[in-house]
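Data first, discussion second: the structure below is written as structure tokens.
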Amino acid sequence: MPCSVEFINQSPAQAGDGEVRTMLTCLADACSQISHALRKPEHGTNRGEPSEDGRSMDIFADAVLVHALRLCRFVRGIVSEEHDHPVMAHDISGPSAYDVAIDPLDGTSTLGSNSAVGTIFAMYQAGDMISASHPPQYKQMVAAGYVIYGPATLLVYRAGGGVHSLIWDDAAQSFVRSASAITIPPRGNIYSVNEGQSGSWSDAMKALVGLYKEIDGSRGTPYNTRYSGCLVADFHRILGRGGIFIYPKTQAYPNGRLRYLYEAAPLSYICEGASGLATDGAHAIRSKTVSGIHDKTALFIGSSDLVNEATSLLRG
Ligand code: F6P
Ligand code: MN
């Protein structure tokens with residue numbers, strides 16, 4: 001049964017125009033199905049291996065999202081982490097055609113531990129063409145969002161204006177309003193980074209994290225580390241409380257690990273809509289050009305003061 005998404009349907013000023021709202025509703029409906037599936041007992045210990053229906057949860061999530069987007073008449077191409085090439089939905093062009101990029105199930109390495117996972121999406125106004133080597137660019141983005149499947153299922157999105165959230169109401173079988181015009185504090189006391197990789201960080205990166213551990217004169221305490229291994233969960237904590245999430249360049253990932261089109265760019269769009277910032281340690285995520293749909297980037301995202309300070313230190 002399709003879910004209803006009252007807030008998106010009733011608030012055109014906050015949820016973009018009719019086309020964007022239609023696609024948001026379509027994605028919200030698909031994510032409610034993923035949320036439901038994740039809570040089934042047989043999936044509670046799913047570590048990404050085939051479950052009883054023969055599919056791992058990330059393949060299942062991809063199938064649900066791609067199916068929903070293919071039914072949405074404004075969608076031209078779908079870029080998914082699970083597909084080498086864009087999946088073509090409709091042979092359309094012009095101002096009512098969009099390409100949608102998705103990370104169907106973010107944080108899958110944590111599946112089986114009953115911790116939060118997520119879905120990330122970004123809608124791009126369709127350009128001349130889309131292919132593996134002709135990705136949409138940041139300036140074409142019209143909306144982005146993520147769903148966090150945690151103790152509650154929450155949809156956080158931005159469609160041009162501010163950042164809003166909806167929470168899944170099981171009794172109503174619907175997403176209902178949770179928070180409007182969300183803003184991220186300009187500072188915070190959390191840094192979120194995989195410190196186990198610090199041996200392969202640059203000296204500047206080591207110095208930056210060293211500063212977070214010092215007792216700051218004005219604050220009187222060092223920062224706290226919080227890192228779950230799920231970008232959506234780690235970013236969501238920082239959006240609410242302030243702080244910085246970092247995935248830097250490492251030896252294993254010389255260009256960073258996170259995907260630009262369906263991880264860094266949508267979260268940057270949301271973060272900036274909430275008065276935060278996102279860079280790759282040198283340049284704004286919004287200013288980067290991508291040449292492949294699965295391009296990777298380093299990511300420094302969160303509270304504006306912290307991202308500015310980190311980026312200045314990294315630039316040298
Ligand atoms: O999607 C990539 C991802 O799983 C993110 O959700 C997460 O932030 C990151 O990778 C974790 O990477 P690592 O295990 O290297 O810290
Ligand atoms: Mn991911």
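Starting from 1 in every chain, residues are counted up; chains themselves are A, B, ... following the order of the structure tokens, and ligands are numbered from 1 as listed.
The residue set within 12 Å of Trp168 in chain A, counting only C-alpha atoms and dropping same-chain residues fewer than 5 places from it, reads Cys3, Ser4, Val5, Glu6, Phe7, Ala28, Asp29, Cys31, Ser32, Gln33, Ser35, His36, Val147, Ile148, Tyr149, Gly150, Pro151, Ala152, Thr153, Leu154, Leu155, Val156, Gln173, Ser174, Phe175, Val176, Arg177 and Ser178 of chain A.
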Discussion item. Among range 178-267 of chain A, which residues does DSSP mark as strand (DSSP E) when it is run on the backbone? Keep the chain and numbering as in the structure and answer as a VMD selection string.
Written reply: chain A and resid 178 to 179 190 to 192 224 to 225 244 to 247 258 to 259
Could you turn the residues from that selection into a file that holds C-alpha atoms, as a PDB file, in the first residue's frame?
ATOM      1  CA  SER A 178       8.804  16.565  12.309  1.00  0.00           C
ATOM      2  CA  ALA A 179      10.898  19.743  12.017  1.00  0.00           C
ATOM      3  CA  ILE A 190      31.656  16.474  17.798  1.00  0.00           C
ATOM      4  CA  TYR A 191      34.205  15.322  15.230  1.00  0.00           C
ATOM      5  CA  SER A 192      33.376  12.252  13.206  1.00  0.00           C
ATOM      6  CA  ASN A 224      33.994  14.232  21.396  1.00  0.00           C
ATOM      7  CA  THR A 225      34.484  11.531  18.748  1.00  0.00           C
ATOM      8  CA  ILE A 244      32.213  18.157  11.687  1.00  0.00           C
ATOM      9  CA  PHE A 245      32.210  14.924   9.689  1.00  0.00           C
ATOM     10  CA  ILE A 246      35.418  14.180   7.806  1.00  0.00           C
ATOM     11  CA  TYR A 247      36.310  11.549   5.247  1.00  0.00           C
ATOM     12  CA  LEU A 258      32.607   8.950  -0.641  1.00  0.00           C
ATOM     13  CA  ARG A 259      30.741   9.223  -3.939  1.00  0.00           C
TER      14      ARG A 259
END
Practice prompt. Have a look at A:Pro135, A:Leu38, A:Tyr124, A:Ser303 and name the one nearest to Ser56 in chain A; count only C-alpha atoms.
Written response: A:Leu38
Practice prompt. Residues within 6 Å of ligand 2, counting only C-alpha atoms and all ligand atoms: report them as number ranges by chain.
Written response: A: 103, 106-107
Fill in: Selection within 10 Å of ligand 1 by only C-alpha atoms and all ligand atoms, output as a ChimeraX atom specification
/A:81,103-110,117-120,192-197,227-235,245-248,250,252-253,256-259,262-263,299
Fill in: Atom pair CA of Ser165 in chain A / CA of Ala30 in chain A: separation (Å)
16.5 Å
